[in-house]
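A.B. asks: If you scroll down you'll find the structure; I have some questions about it.
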Amino acid sequence: MSLQVLNACKLGSHSSIFQTIIMIKKLYYTLLSFTIILLTAGCEKVLDQKNLTAINPEDVWNDAGLATAYVNGFHNALMPGMPAGTGNNTDEAVANNNFNVFLYGTATIDSYNNWPYATIRTINTLLSSIDKGSIAADKKEPLKGQAFFWRAWAYFSMVKGYGGVPLILDVQESSMSMDSLKVKRNSTSECFAQIVKDVDSAIAKLPPSWDNNNYGRVDKSAAMAFKARILLFYASPLFNPSGLASRWQDAYNAALAAKEYCESQGKGLMDNFADIWDQQPNKEGIMVRVYANPGATYFTGGLRPYKYSNGAAQDDGPSLELVDAFPMIDGSKWNTLTMNHDTLFRHRDERFYATIGYNGAAPYLADMFTLNENLWTYIKPDGERMDGTCCNTLSSFYRVKMMDRKITQATVSLTSTPWPEIRFAELLMMFGEAANEIGNTAEALQVLYDLRKRAGILPGTDNKYGITATTQETIRSAYQDEAFVEFAFEGKRWDYLRRLRKFDTRFNELKRRHGFQVYLKEGAPAPTGMDDINDYISSFDLVKVATDVLDFNVKPEYYFYAIPKVHIDANPNLAQTKGWPGGTFDPLD
């Protein structure tokens with residue numbers, strides 16, 4: 001089954017083969033009623049009797065097409081989509097009147113719930129059953145490779161948040177006792193070992209690439225890059241507070257192997273940063289969620305200025321903290337003490353213009369080109385906002401990154417820009433970060449030079465692109481600065497700060513996020529249409545505003561999440577995470 005059909009299934013179309021597989025999965029759920037789903041205190045609905053004879057479940061493992069459709073089910077369930085609004089929960093964007101309970105110190109044991117055991121069960125069913133069928137090996141092994149990849153993905157998604165969780169690697173049978181189904185949490189080290197084992201199995205079985213109809217399926221490059229992400233997480237301060245060198249070496253080895261393999265498959269940095277999203281597919285995408293119009297689209301109205309959004313606005317409105325983080329064209333840092341925000345858009349690196357929409361920015365949406373107008377975010381003396389919004393305290397900035405330039409206000413629900421969950425730049429950054437930790441300074445610095453060269457930063461007389469770091473500690477800091485701007489709005493910031501154990505310090509020191517209100521001075525000439533903002537600098541007053549109404553209060557226990565009450569009620573053998581009420585489980589074991 002092609003990925004176009006696969007994505008359509010996820011988003012609500014009615015592919016007959018996928019409906020058949022849904023029926024198959026329901027039948028398996030009925031036959032295996034006492035499975036790990038008990039951990040969630042839930043149960044599947046009884047299968048409608050009229051469908052019981054539609055297909056024999058065992059036939060799935062004798063037909064490569066049916067088995068592929070079965071794989072599509074858990075691919076759909078676990079494949080990340082394009083993030084929209086995630087920046088509002090970090091320092092990338094302003095609050096938008098949403099109150100993240102972790103940022104403001106009011107989280108409870110039920111504030112985070114990621115428990116994909118139902119999907120893991122479908123994966124285990126394939127791995128325990130497919131060898132009993134007659135599918136040829138050349139078809140079967142890639143199916144198993146995808147299953148191993150997605151099981152590793154599901155477990156990693158839990159372990160990076162909770163620490164150790166119950167490892168369920170076999171299909172639990174209805175004949176098993178209730179007590180045997182209530183599995184205890186495995187140690188975190190056991191979980192990471194199993195995740196790596198699964199991803200190694202995926203690497204061994206997945207093909208180097210797929211044909212065009214299956215673009216978007218995970219392949220060997222994706223699995224190798226994912227392994228690097230796993231081991232970098234395990235080596236980082238969140239799970240490695242004592243700084244065990246062996247973990248950093250493992251992360252380096254995995255990232256180097258992935259980098260070299262991906263390069264052998266033609267992967268690399270795009271020459272132009274903006275083209276990563278505007279020209280798809282491309283060589284930077286390693287793991288890509290494919291969308292298509294019609295059938296597999298998503299909504300981006302909230303990312304657009306209100307007058308172009310069809311009723312929603314100010315998701316991922318860039319914070320002043322993010323705006324200030326982008327380097328100047330010579331690679332130097334923005335200096336708030338010596339530089340004037342009235343001209344904040346001048347002489348920045350190319351990523352700034354591909355990420356940040358500011359008052360007077362060039363058109364970047366189809367509506368803007370049709371109306372021949374720049375992005376205007378200023379407020380007139382009579383209170384009229386040129387971006388069409390009202391009432392909310394906004395930052396005056398908009399997200400440009402990953403915006404579909406073809407859709408209009410009337411079609412904001414039909415966005416189809418593919419989403420690169422893992423791109424080559426991330427792999428380079430993982431490689432360079434690990435290289436720095438094991439003392440390979442030259443390799444670590446070269447990654448920063450390469451990314452900044454791609455961003456259009458001038459090399460300078462020393463060919464260092466504005467990088468002044470020379471020690472392990474200063475290179476660490478340079479990597480953190482680079483990641484903030486390179487991966488803005490890619491859904492990575494939250495876990496990045498957790499991984500480095502900077503989640504509480506970053507927010508508690510910041511106190512609140514900020515933006516600007518841009519006011520047109522009384523009697524000053526007002527730009528419209530395609531007027532050049534440089535001709536109207538003196539027409540505006542910029543007033544810095546705090547966009548949060550409360551100070552941040554991130555608590556140390558938030559680094560590892562609590563197991564929600566619903567799961568502990570269903571399985572009393574699940575020990576609660578330390579730091580939370582009644583917690584005894586140490587996520588660092």
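Labeling convention for the structure tokens: chains A, B, ... as they appear, residues from 1 per chain, ligands from 1 in order of appearance.
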Show me, as a ChimeraX atom specification, the residues that have an atom within 10 Å of Asn96 in chain A when counting only C-alpha atoms, minus same-chain residues fewer than 4 positions from it.
C.D. replies: /A:85,88-89,313-317,392-395,547-548
A.B. asks: Would you put the residues from that selection into a file with N, CA and C atoms, as an mmCIF file, in the first residue's frame?
C.D. replies:
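Output below, filename part_38.cif:
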data_model
loop_
_atom_site.group_PDB
_atom_site.id
_atom_site.type_symbol
_atom_site.label_atom_id
_atom_site.label_comp_id
_atom_site.auth_asym_id
_atom_site.auth_seq_id
_atom_site.Cartn_x
_atom_site.Cartn_y
_atom_site.Cartn_z
ATOM 1 N N GLY A 85 1.893 24.876 17.127
ATOM 2 C CA GLY A 85 1.529 25.326 18.456
ATOM 3 C C GLY A 85 2.416 24.812 19.557
ATOM 4 N N ASN A 88 4.369 27.406 21.673
ATOM 5 C CA ASN A 88 3.683 28.120 22.745
ATOM 6 C C ASN A 88 3.999 27.543 24.120
ATOM 7 N N ASN A 89 4.451 26.300 24.161
ATOM 8 C CA ASN A 89 4.780 25.646 25.426
ATOM 9 C C ASN A 89 6.262 25.737 25.764
ATOM 10 N N ALA A 313 -5.536 32.350 15.086
ATOM 11 C CA ALA A 313 -4.256 33.043 14.955
ATOM 12 C C ALA A 313 -3.434 32.893 16.224
ATOM 13 N N GLN A 314 -2.140 33.137 16.065
ATOM 14 C CA GLN A 314 -1.163 33.274 17.139
ATOM 15 C C GLN A 314 -0.795 31.975 17.826
ATOM 16 N N ASP A 315 -0.775 30.888 17.100
ATOM 17 C CA ASP A 315 -0.011 29.723 17.518
ATOM 18 C C ASP A 315 1.420 29.948 17.052
ATOM 19 N N ASP A 316 2.357 29.598 17.895
ATOM 20 C CA ASP A 316 3.778 29.737 17.568
ATOM 21 C C ASP A 316 4.146 31.163 17.165
ATOM 22 N N GLY A 317 3.566 32.157 17.836
ATOM 23 C CA GLY A 317 4.006 33.530 17.623
ATOM 24 C C GLY A 317 5.371 33.705 18.248
ATOM 25 N N ASN A 392 -5.906 40.263 22.220
ATOM 26 C CA ASN A 392 -4.838 39.496 22.840
ATOM 27 C C ASN A 392 -3.537 40.281 22.856
ATOM 28 N N THR A 393 -2.706 39.995 23.861
ATOM 29 C CA THR A 393 -1.356 40.542 23.878
ATOM 30 C C THR A 393 -0.493 39.633 23.027
ATOM 31 N N LEU A 394 -0.034 40.125 21.892
ATOM 32 C CA LEU A 394 0.742 39.333 20.953
ATOM 33 C C LEU A 394 2.187 39.804 20.940
ATOM 34 N N SER A 395 3.043 39.041 20.304
ATOM 35 C CA SER A 395 4.455 39.401 20.271
ATOM 36 C C SER A 395 4.792 40.341 19.126
ATOM 37 N N THR A 547 4.533 38.551 27.887
ATOM 38 C CA THR A 547 3.344 37.883 27.349
ATOM 39 C C THR A 547 2.790 36.824 28.290
ATOM 40 N N ASP A 548 3.481 36.530 29.376
ATOM 41 C CA ASP A 548 2.964 35.627 30.404
ATOM 42 C C ASP A 548 2.407 36.465 31.545
#
A.B. asks: Give me, as a PyMOL selection string, all polymer residues having an atom no more than 6 Å from Gly105 in chain A, counting only C-alpha atoms and skipping those fewer than 4 positions away in the same chain.
C.D. replies: chain A and resi 101+553-554
A.B. asks: Show which residues sit within 12 Å of Arg346 in chain A, as an MDAnalysis selection string. Count only C-alpha atoms, and ignore same-chain residues fewer than 2 positions away.
C.D. replies: chainID A and resid 326:330 334 339:344 348:350 352:353 358 360:361 533:534 537
A.B. asks: List every residue of range 142-174 of chain A that has an atom at most 10 Å from any atom of range 192-216 of chain A, giving for each one its closest atom pair and the distance in Å to one decimal, counting only C-alpha atoms, sorted by chain and then by ascending residue number, as CSV.
C.D. replies:
residue,atom,partner,partner_atom,distance
A:Pro142,CA,A:Leu206,CA,4.9
A:Leu143,CA,A:Leu206,CA,8.0
A:Lys144,CA,A:Lys205,CA,7.1
A:Gly145,CA,A:Ala202,CA,4.1
A:Gln146,CA,A:Ala202,CA,6.4
A:Ala147,CA,A:Ala202,CA,7.6
A:Phe148,CA,A:Asp198,CA,5.1
A:Phe149,CA,A:Ala202,CA,5.3
A:Trp150,CA,A:Val199,CA,8.6
A:Arg151,CA,A:Asp198,CA,7.2
A:Ala152,CA,A:Ile195,CA,4.8
A:Trp153,CA,A:Ile195,CA,7.8
A:Ala154,CA,A:Ile195,CA,9.2
A:Tyr155,CA,A:Ile195,CA,6.8
A:Phe156,CA,A:Ile195,CA,6.8
A:Val159,CA,A:Phe192,CA,7.9
A:Lys160,CA,A:Phe192,CA,9.5
A:Gly163,CA,A:Phe192,CA,9.3
A:Gly164,CA,A:Phe192,CA,8.4
A:Leu167,CA,A:Gln194,CA,8.3
A:Leu169,CA,A:Gln194,CA,9.4
A.B. asks: Can you pull out every residue within 8 Å of Phe552 in chain A, counting only C-alpha atoms, but drop anything in the same chain fewer than 3 positions away, and send it as JSON, numbers by chain?
C.D. replies: {"A": [103, 104, 105, 507, 508, 510, 511, 512]}
A.B. asks: I want to know what sits within 12 Å of Asp532 in chain A, based on only C-alpha atoms, with residues of the same chain fewer than 6 positions away left out; could you give that as a list in words?
C.D. replies: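 In the requested form, the answer reads Asn359, Gly360, Ala361, Ala362, Pro363, Glu373, Asn374, Leu375, Trp376 and Ala526 of chain A.
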A.B. asks: What would the file look like if the residues just selected were written as a short mmCIF file (atom, residue, chain, number, x, y, z; two decimals), in the first residue's frame with N, CA, C and O atoms?
C.D. replies:
data_model
loop_
_atom_site.label_atom_id
_atom_site.label_comp_id
_atom_site.auth_asym_id
_atom_site.auth_seq_id
_atom_site.Cartn_x
_atom_site.Cartn_y
_atom_site.Cartn_z
N ASN A 359 7.16 43.01 11.50
CA ASN A 359 6.48 44.16 10.90
C ASN A 359 7.26 44.63 9.68
O ASN A 359 8.40 45.08 9.79
N GLY A 360 6.64 44.52 8.51
CA GLY A 360 7.29 44.92 7.27
C GLY A 360 7.97 43.81 6.52
O GLY A 360 8.59 44.05 5.48
N ALA A 361 7.86 42.56 7.01
CA ALA A 361 8.51 41.43 6.34
C ALA A 361 7.92 41.22 4.95
O ALA A 361 6.75 41.50 4.69
N ALA A 362 8.73 40.69 4.05
CA ALA A 362 8.30 40.42 2.68
C ALA A 362 7.19 39.38 2.67
O ALA A 362 7.07 38.55 3.59
N PRO A 363 6.34 39.38 1.64
CA PRO A 363 5.25 38.39 1.57
C PRO A 363 5.78 36.96 1.62
O PRO A 363 6.82 36.66 1.05
N GLU A 373 1.03 42.80 -0.63
CA GLU A 373 1.30 43.47 0.63
C GLU A 373 2.29 42.67 1.47
O GLU A 373 2.32 41.44 1.43
N ASN A 374 3.11 43.43 2.19
CA ASN A 374 4.01 42.84 3.17
C ASN A 374 3.21 42.42 4.40
O ASN A 374 2.00 42.66 4.50
N LEU A 375 3.90 41.81 5.35
CA LEU A 375 3.31 41.52 6.65
C LEU A 375 3.38 42.78 7.51
O LEU A 375 4.48 43.27 7.80
N TRP A 376 2.25 43.32 7.88
CA TRP A 376 2.21 44.50 8.74
C TRP A 376 1.55 44.14 10.06
O TRP A 376 0.42 43.66 10.10
N ALA A 526 2.15 56.13 7.42
CA ALA A 526 1.90 54.71 7.66
C ALA A 526 2.21 53.90 6.41
O ALA A 526 1.66 54.18 5.34
#
A.B. asks: Measuring between only C-alpha atoms, which one of A:Tyr465, A:Phe503, A:Tyr291, A:Tyr398 shows the shortest distance to Pro420 in chain A?
C.D. replies: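 Closest residue, counting only C-alpha atoms: A:Tyr291.
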A.B. asks: From a DSSP calculation on the backbone, collect every residue of range 90-174 of chain A in alpha helix (DSSP H) and output the set as a PyMOL selection string.
C.D. replies: chain A and resi 117-129+137-162
A.B. asks: Hey, can you spit out that residue selection with N, CA, C and O atoms as a short mmCIF file (atom, residue, chain, number, x, y, z; two decimals), in the first residue's frame?
C.D. replies:
data_model
loop_
_atom_site.label_atom_id
_atom_site.label_comp_id
_atom_site.auth_asym_id
_atom_site.auth_seq_id
_atom_site.Cartn_x
_atom_site.Cartn_y
_atom_site.Cartn_z
N TYR A 117 0.50 1.22 24.71
CA TYR A 117 0.59 -0.24 24.75
C TYR A 117 -0.37 -0.93 23.79
O TYR A 117 -0.10 -2.06 23.34
N ALA A 118 -1.48 -0.29 23.46
CA ALA A 118 -2.37 -0.91 22.48
C ALA A 118 -1.68 -1.04 21.13
O ALA A 118 -1.79 -2.05 20.44
N THR A 119 -0.92 -0.01 20.76
CA THR A 119 -0.17 -0.06 19.50
C THR A 119 0.98 -1.05 19.60
O THR A 119 1.26 -1.80 18.66
N ILE A 120 1.66 -1.07 20.75
CA ILE A 120 2.74 -2.05 20.94
C ILE A 120 2.20 -3.47 20.80
O ILE A 120 2.86 -4.36 20.24
N ARG A 121 0.99 -3.70 21.26
CA ARG A 121 0.39 -5.03 21.14
C ARG A 121 0.23 -5.42 19.68
O ARG A 121 0.50 -6.57 19.30
N THR A 122 -0.21 -4.48 18.83
CA THR A 122 -0.36 -4.83 17.41
C THR A 122 1.00 -5.15 16.79
O THR A 122 1.10 -6.02 15.93
N ILE A 123 2.02 -4.44 17.24
CA ILE A 123 3.38 -4.72 16.73
C ILE A 123 3.83 -6.10 17.19
O ILE A 123 4.37 -6.89 16.40
N ASN A 124 3.63 -6.41 18.46
CA ASN A 124 4.01 -7.72 18.97
C ASN A 124 3.27 -8.85 18.25
O ASN A 124 3.82 -9.93 18.03
N THR A 125 2.03 -8.59 17.89
CA THR A 125 1.26 -9.59 17.15
C THR A 125 1.94 -9.92 15.83
O THR A 125 2.08 -11.09 15.44
N LEU A 126 2.37 -8.89 15.11
CA LEU A 126 3.07 -9.14 13.85
C LEU A 126 4.36 -9.94 14.10
O LEU A 126 4.63 -10.94 13.41
N LEU A 127 5.16 -9.49 15.06
CA LEU A 127 6.46 -10.13 15.27
C LEU A 127 6.32 -11.58 15.74
O LEU A 127 7.20 -12.40 15.47
N SER A 128 5.22 -11.89 16.42
CA SER A 128 5.04 -13.27 16.89
C SER A 128 4.35 -14.16 15.87
O SER A 128 4.36 -15.39 16.00
N SER A 129 3.74 -13.56 14.84
CA SER A 129 2.91 -14.34 13.94
C SER A 129 3.42 -14.42 12.51
O SER A 129 3.13 -15.39 11.80
N ALA A 137 10.53 -14.17 2.06
CA ALA A 137 11.47 -13.49 2.94
C ALA A 137 11.77 -12.06 2.50
O ALA A 137 11.91 -11.16 3.33
N ASP A 138 11.87 -11.84 1.18
CA ASP A 138 12.22 -10.50 0.71
C ASP A 138 11.11 -9.50 0.97
O ASP A 138 11.34 -8.28 1.00
N LYS A 139 9.89 -9.97 1.19
CA LYS A 139 8.78 -9.11 1.56
C LYS A 139 8.61 -9.05 3.07
O LYS A 139 8.24 -8.01 3.63
N LYS A 140 8.89 -10.17 3.71
CA LYS A 140 8.64 -10.29 5.14
C LYS A 140 9.65 -9.51 5.98
O LYS A 140 9.27 -8.84 6.96
N GLU A 141 10.93 -9.57 5.62
CA GLU A 141 11.95 -8.94 6.46
C GLU A 141 11.77 -7.42 6.58
O GLU A 141 11.90 -6.86 7.68
N PRO A 142 11.46 -6.70 5.49
CA PRO A 142 11.20 -5.26 5.65
C PRO A 142 9.98 -4.96 6.52
O PRO A 142 9.95 -3.93 7.22
N LEU A 143 8.97 -5.85 6.49
CA LEU A 143 7.82 -5.66 7.37
C LEU A 143 8.24 -5.81 8.83
O LEU A 143 7.83 -5.02 9.70
N LYS A 144 9.05 -6.81 9.10
CA LYS A 144 9.55 -7.00 10.46
C LYS A 144 10.45 -5.83 10.87
O LYS A 144 10.41 -5.38 12.02
N GLY A 145 11.25 -5.34 9.92
CA GLY A 145 12.10 -4.21 10.22
C GLY A 145 11.30 -2.99 10.65
O GLY A 145 11.67 -2.29 11.60
N GLN A 146 10.19 -2.73 9.95
CA GLN A 146 9.33 -1.61 10.35
C GLN A 146 8.72 -1.85 11.73
O GLN A 146 8.59 -0.91 12.52
N ALA A 147 8.36 -3.08 12.00
CA ALA A 147 7.78 -3.38 13.31
C ALA A 147 8.78 -3.15 14.43
O ALA A 147 8.46 -2.55 15.46
N PHE A 148 10.01 -3.61 14.25
CA PHE A 148 11.04 -3.38 15.26
C PHE A 148 11.30 -1.88 15.45
O PHE A 148 11.47 -1.40 16.57
N PHE A 149 11.34 -1.14 14.34
CA PHE A 149 11.56 0.30 14.43
C PHE A 149 10.47 0.96 15.27
O PHE A 149 10.75 1.73 16.20
N TRP A 150 9.21 0.65 14.95
CA TRP A 150 8.12 1.35 15.62
C TRP A 150 7.95 0.89 17.06
O TRP A 150 7.50 1.68 17.91
N ARG A 151 8.34 -0.36 17.38
CA ARG A 151 8.30 -0.74 18.79
C ARG A 151 9.36 0.03 19.57
O ARG A 151 9.11 0.51 20.68
N ALA A 152 10.55 0.18 18.97
CA ALA A 152 11.58 0.99 19.61
C ALA A 152 11.10 2.43 19.77
O ALA A 152 11.32 3.07 20.81
N TRP A 153 10.43 2.95 18.74
CA TRP A 153 9.93 4.33 18.79
C TRP A 153 8.91 4.49 19.92
O TRP A 153 8.96 5.47 20.69
N ALA A 154 7.98 3.55 20.04
CA ALA A 154 6.94 3.63 21.07
C ALA A 154 7.55 3.58 22.47
O ALA A 154 7.17 4.37 23.36
N TYR A 155 8.48 2.66 22.67
CA TYR A 155 9.09 2.57 24.00
C TYR A 155 9.96 3.79 24.31
O TYR A 155 9.96 4.30 25.43
N PHE A 156 10.69 4.27 23.32
CA PHE A 156 11.52 5.45 23.56
C PHE A 156 10.65 6.66 23.92
O PHE A 156 11.01 7.47 24.78
N SER A 157 9.50 6.78 23.26
CA SER A 157 8.61 7.90 23.55
C SER A 157 8.17 7.89 25.01
O SER A 157 7.95 8.96 25.61
N MET A 158 8.04 6.70 25.60
CA MET A 158 7.68 6.61 27.01
C MET A 158 8.88 6.78 27.92
O MET A 158 8.84 7.54 28.89
N VAL A 159 9.96 6.10 27.60
CA VAL A 159 11.12 6.07 28.50
C VAL A 159 11.76 7.44 28.64
O VAL A 159 12.20 7.82 29.73
N LYS A 160 11.80 8.22 27.58
CA LYS A 160 12.42 9.56 27.69
C LYS A 160 11.61 10.46 28.62
O LYS A 160 12.14 11.46 29.12
N GLY A 161 10.33 10.10 28.88
CA GLY A 161 9.51 10.89 29.78
C GLY A 161 9.40 10.32 31.18
O GLY A 161 9.51 11.04 32.17
N TYR A 162 9.20 9.00 31.27
CA TYR A 162 8.97 8.36 32.56
C TYR A 162 10.21 7.71 33.16
O TYR A 162 10.22 7.41 34.35
#
A.B. asks: Can you pull out the residues contacting range 243-259 of chain A? Cut-off 6 Å, using only C-alpha atoms, and skip same-chain residues under 5 positions away; I want them as a list in words.
C.D. replies: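 After dropping sequence-adjacent residues, the list is Met224, Ala225, Ala228, Leu231, Leu232, Ala235, Phe431 and Ala434 of chain A.
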A.B. asks: A:Gly133, A:Pro294, A:Gly529, A:Gly266: which is nearest Asp59 in chain A, counting only C-alpha atoms?
C.D. replies: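 Checking each candidate against Asp59 in chain A, we get A:Gly133 as the closest.
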A.B. asks: Neighbouring residues of Tyr378 in chain A were defined as those with any atom within 10 Å, considering only C-alpha atoms; residues of the same chain fewer than 2 positions away were excluded. Please report them as number ranges by chain.
C.D. replies: A: 358-360, 375-376, 380-381, 383-388, 396, 516-520, 526-527, 540-542
A.B. asks: Can you work out which one of A:Phe369, A:Phe239, A:Phe397, A:Phe489 has the shortest atom-to-atom distance to Phe345 in chain A, counting only C-alpha atoms?
C.D. replies: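 Selected residue with least distance to Phe345 in chain A: A:Phe397.
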A.B. asks: As a PyMOL selection string, please: all residues of range 179-351 of chain A that backbone DSSP puts in strand (DSSP E or B).
C.D. replies: chain A and resi 215+217+285-289+292+296+298+318+328+348
A.B. asks: Export, as a short mmCIF file (atom, residue, chain, number, x, y, z; two decimals), in the first residue's frame, the selected residues with C-alpha atoms.
C.D. replies:
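Saved the output as part17.cif:
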data_model
loop_
_atom_site.label_atom_id
_atom_site.label_comp_id
_atom_site.auth_asym_id
_atom_site.auth_seq_id
_atom_site.Cartn_x
_atom_site.Cartn_y
_atom_site.Cartn_z
CA TYR A 215 8.32 7.41 0.12
CA ARG A 217 8.27 4.63 5.13
CA GLY A 285 14.91 14.56 4.92
CA ILE A 286 15.86 11.32 6.70
CA MET A 287 12.53 10.46 8.32
CA VAL A 288 9.62 12.25 6.66
CA ARG A 289 5.87 12.30 7.29
CA ALA A 292 -1.04 14.87 0.16
CA ALA A 296 -4.03 13.76 3.84
CA TYR A 298 -3.76 19.42 8.08
CA PRO A 318 7.79 33.90 18.00
CA MET A 328 23.86 38.54 12.74
CA ARG A 348 20.52 38.64 10.27
#
A.B. asks: Rounded to one decimal in Å, what is the spacing between CA of Val323 in chain A and CA of Asp367 in chain A?
C.D. replies: 24.4 Å
A.B. asks: Between A:Ser539, A:Ser319, A:Asn571, A:Ser332, which one has atoms that come closest to Asp91 in chain A, using only C-alpha atoms?
C.D. replies: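 Counting only C-alpha atoms, the residue closest to Asp91 in chain A is A:Ser319.
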A.B. asks: When you count only C-alpha atoms, which of these residues is closest to Thr474 in chain A: A:Asn282, A:Asn62, A:Thr300, A:Asn436?
C.D. replies: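 Selected residue with least distance to Thr474 in chain A: A:Asn436.
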